[in-house]
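coords00.cif follows (mmCIF, C-alpha atoms):
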```cif
data_protein
loop_
_atom_site.group_PDB
_atom_site.id
_atom_site.type_symbol
_atom_site.label_atom_id
_atom_site.label_comp_id
_atom_site.auth_asym_id
_atom_site.auth_seq_id
_atom_site.Cartn_x
_atom_site.Cartn_y
_atom_site.Cartn_z
ATOM 1 C CA MET A 25 0.000 0.000 0.000
ATOM 2 C CA ALA A 26 1.412 3.375 -1.036
ATOM 3 C CA VAL A 27 0.858 6.153 1.486
ATOM 4 C CA ASP A 28 1.047 9.894 0.929
ATOM 5 C CA LEU A 29 2.018 11.728 4.109
ATOM 6 C CA VAL A 30 1.148 15.417 4.297
ATOM 7 C CA ILE A 31 3.280 17.597 6.519
ATOM 8 C CA ASP A 32 2.613 21.276 7.152
ATOM 9 C CA ILE A 33 6.018 22.924 7.370
ATOM 10 C CA GLU A 34 7.361 26.401 7.802
ATOM 11 C CA ASN A 35 8.497 27.739 4.445
ATOM 12 C CA THR A 36 12.037 28.532 5.570
ATOM 13 C CA PRO A 37 15.510 27.469 4.460
ATOM 14 C CA GLY A 38 16.317 24.019 5.837
ATOM 15 C CA ALA A 39 12.747 22.971 6.653
ATOM 16 C CA LEU A 40 12.723 20.279 3.957
ATOM 17 C CA ALA A 41 16.128 19.036 5.114
ATOM 18 C CA GLU A 42 14.757 18.554 8.643
ATOM 19 C CA VAL A 43 11.867 16.417 7.397
ATOM 20 C CA ALA A 44 14.002 14.448 4.949
ATOM 21 C CA ALA A 45 16.583 13.735 7.662
ATOM 22 C CA ALA A 46 13.928 12.499 10.091
ATOM 23 C CA ILE A 47 12.536 10.128 7.469
ATOM 24 C CA SER A 48 15.947 8.852 6.391
ATOM 25 C CA ASP A 49 16.968 8.383 10.052
ATOM 26 C CA ALA A 50 14.062 5.921 10.251
ATOM 27 C CA GLY A 51 15.668 3.999 7.390
ATOM 28 C CA VAL A 52 12.739 4.874 5.148
ATOM 29 C CA ASN A 53 13.302 5.839 1.527
ATOM 30 C CA ILE A 54 11.390 8.806 0.135
ATOM 31 C CA ALA A 55 9.900 7.526 -3.114
ATOM 32 C CA ALA A 56 8.431 10.893 -4.124
ATOM 33 C CA ALA A 57 7.823 14.357 -2.766
ATOM 34 C CA THR A 58 6.149 17.553 -3.777
ATOM 35 C CA CYS A 59 5.819 20.781 -1.870
ATOM 36 C CA ILE A 60 3.452 23.670 -2.456
ATOM 37 C CA GLY A 61 3.377 26.885 -0.519
ATOM 38 C CA PRO A 62 4.650 30.246 -1.677
ATOM 39 C CA GLY A 63 3.773 31.862 1.670
ATOM 40 C CA GLU A 64 4.979 31.388 5.228
ATOM 41 C CA ARG A 65 3.717 27.769 5.378
ATOM 42 C CA ALA A 66 4.050 24.961 2.860
ATOM 43 C CA GLU A 67 2.281 21.649 2.359
ATOM 44 C CA LEU A 68 4.766 18.848 1.799
ATOM 45 C CA HIS A 69 3.526 15.555 0.315
ATOM 46 C CA VAL A 70 5.865 12.615 0.783
ATOM 47 C CA LEU A 71 5.371 9.129 -0.646
ATOM 48 C CA VAL A 72 6.913 6.461 1.574
ATOM 49 C CA PRO A 73 6.727 2.656 1.551
ATOM 50 C CA HIS A 74 6.767 2.404 5.368
ATOM 51 C CA ALA A 75 4.462 5.096 6.738
ATOM 52 C CA GLU A 76 4.467 3.922 10.362
ATOM 53 C CA ALA A 77 8.257 4.152 10.734
ATOM 54 C CA ALA A 78 8.368 7.540 9.013
ATOM 55 C CA ARG A 79 5.476 8.887 11.091
ATOM 56 C CA HIS A 80 7.141 7.689 14.317
ATOM 57 C CA LEU A 81 10.517 9.308 13.575
ATOM 58 C CA LEU A 82 8.865 12.501 12.407
ATOM 59 C CA ALA A 83 6.962 12.707 15.704
ATOM 60 C CA ILE A 84 10.197 12.215 17.661
ATOM 61 C CA SER A 85 11.683 15.051 15.589
ATOM 62 C CA HIS A 86 8.670 17.227 16.474
ATOM 63 C CA VAL A 87 7.397 17.214 12.904
ATOM 64 C CA ALA A 88 3.704 16.390 12.697
ATOM 65 C CA VAL A 89 2.018 14.520 9.889
ATOM 66 C CA THR A 90 -1.175 16.507 9.379
ATOM 67 C CA ARG A 91 -2.867 14.010 7.046
ATOM 68 C CA GLU A 92 -2.158 10.730 5.372
ATOM 69 C CA ARG A 93 -3.924 8.721 2.748
ATOM 70 C CA GLU A 94 -3.576 5.761 0.499
ATOM 71 C CA VAL A 95 -2.733 6.625 -3.099
ATOM 72 C CA VAL A 96 -2.347 4.732 -6.362
ATOM 73 C CA VAL A 97 1.130 4.542 -7.878
ATOM 74 C CA VAL A 98 1.449 3.641 -11.556
ATOM 75 C CA GLU A 99 4.657 2.627 -13.316
ATOM 76 C CA VAL A 100 4.936 4.432 -16.642
ATOM 77 C CA ASP A 101 7.202 4.796 -19.638
ATOM 78 C CA ASP A 102 9.151 8.038 -19.672
ATOM 79 C CA ARG A 103 7.752 9.493 -22.887
ATOM 80 C CA PRO A 104 5.589 12.391 -24.031
ATOM 81 C CA GLY A 105 1.842 11.872 -23.618
ATOM 82 C CA VAL A 106 1.868 9.321 -20.799
ATOM 83 C CA LEU A 107 0.245 11.615 -18.239
ATOM 84 C CA ALA A 108 -2.293 12.781 -20.825
ATOM 85 C CA ASP A 109 -3.198 9.173 -21.689
ATOM 86 C CA LEU A 110 -3.598 8.133 -18.056
ATOM 87 C CA SER A 111 -5.570 11.197 -17.022
ATOM 88 C CA ARG A 112 -7.835 10.770 -20.068
ATOM 89 C CA LYS A 113 -8.654 7.198 -18.963
ATOM 90 C CA ILE A 114 -9.337 8.392 -15.442
ATOM 91 C CA GLY A 115 -11.517 11.248 -16.662
ATOM 92 C CA ARG A 116 -13.539 8.964 -18.975
ATOM 93 C CA ALA A 117 -14.241 6.775 -15.932
ATOM 94 C CA GLY A 118 -15.679 9.812 -14.158
ATOM 95 C CA VAL A 119 -13.005 9.867 -11.461
ATOM 96 C CA ASN A 120 -12.006 13.275 -10.148
ATOM 97 C CA LEU A 121 -8.323 13.456 -9.225
ATOM 98 C CA ASP A 122 -7.328 15.564 -6.254
ATOM 99 C CA LEU A 123 -3.623 14.730 -6.196
ATOM 100 C CA VAL A 124 -0.986 14.022 -8.856
ATOM 101 C CA TYR A 125 2.787 14.031 -8.655
ATOM 102 C CA VAL A 126 5.729 12.212 -10.190
ATOM 103 C CA ALA A 127 7.726 9.645 -8.219
ATOM 104 C CA THR A 128 11.153 8.103 -8.677
ATOM 105 C CA ARG A 129 11.701 5.288 -11.173
ATOM 106 C CA ASN A 130 9.152 6.520 -13.738
ATOM 107 C CA ARG A 131 6.050 6.385 -11.585
ATOM 108 C CA VAL A 132 3.061 8.689 -11.209
ATOM 109 C CA VAL A 133 1.148 9.088 -7.936
ATOM 110 C CA PHE A 134 -2.619 9.607 -8.139
ATOM 111 C CA GLY A 135 -5.073 10.441 -5.385
ATOM 112 C CA ALA A 136 -8.868 10.481 -5.535
ATOM 113 C CA ALA A 137 -11.750 10.190 -3.111
ATOM 114 C CA ASP A 138 -12.807 6.932 -4.796
ATOM 115 C CA LEU A 139 -9.647 4.797 -4.927
ATOM 116 C CA ASP A 140 -11.505 1.708 -6.147
ATOM 117 C CA ALA A 141 -12.847 3.603 -9.167
ATOM 118 C CA LEU A 142 -9.392 5.072 -9.760
ATOM 119 C CA ARG A 143 -7.787 1.620 -9.701
ATOM 120 C CA ALA A 144 -10.464 0.268 -12.034
ATOM 121 C CA ALA A 145 -9.923 3.140 -14.472
ATOM 122 C CA LEU A 146 -6.210 2.375 -14.592
ATOM 123 C CA GLU A 147 -6.550 -1.371 -15.134
ATOM 124 C CA PRO A 148 -5.365 -2.499 -18.558
ATOM 125 C CA ALA A 149 -8.163 -3.103 -21.062
ATOM 126 C CA GLY A 150 -8.621 -6.784 -21.579
#
```
Written form, structure tokens:
Amino acid sequence: MAVDLVIDIENTPGALAEVAAAISDAGVNIAAATCIGPGERAELHVLVPHAEAARHLLAISHVAVTREREVVVVEVDDRPGVLADLSRKIGRAGVNLDLVYVATRNRVVFGAADLDALRAALEPAG
């Protein structure tokens, strides 16, 4: 199960380093991350394979996970049009995405309120 951890951080130099160090100190690899927040605060999304260990070490480091959720991770070819093709399939299935970011090793992370419908939309036609 892929888990997206959301961490509200201060938008200051070194804030990302603090979070990344806490996660790596837990021996957990960060598979993907995206951060949005041009103001004083930023919302950091981190994809980790072992959410419990990461959450525990973050808490010890006084960094709070504000939300977490299961997401769908899709392996893709690194070529033009892949995201368009996938999002078209998802849209035709009537699934509204509320999260998308790119992960390491040619993967795309998708989040939606209806994960079952999202998974079904991404299943190969057969």
Top pick for closest residue to Val106 (chain A), considering A:Ile47, A:Val126, A:Cys59, A:Val89 and counting only C-alpha atoms: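 Of A:Ile47, A:Val126, A:Cys59, A:Val89, the one nearest Val106 (chain A), counting only C-alpha atoms, is A:Val126.
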Option closest in space to Leu82 (chain A), from A:Ala141, A:Val124, A:Ala41, A:Ala50 [counting all atoms listed in the file]: A:Ala50
Point-to-point distance in Å for CA of Ala144 (chain A) and CA of Val132 (chain A):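 According to the coordinates, CA of Val132 (chain A) and CA of Ala144 (chain A) are separated by 16.0 Å.
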Distance criterion (all atoms listed in the file): nearest to Asp109 (chain A) out of A:Ala145, A:Ala57, A:Val52, A:Val27: A:Ala145
Neighbours of point (-0.6, 8.2, -3.8) within 8 Å, using only C-alpha atoms, written as a ChimeraX atom specification: /A:26-28,71,93-97,123-124,133-135
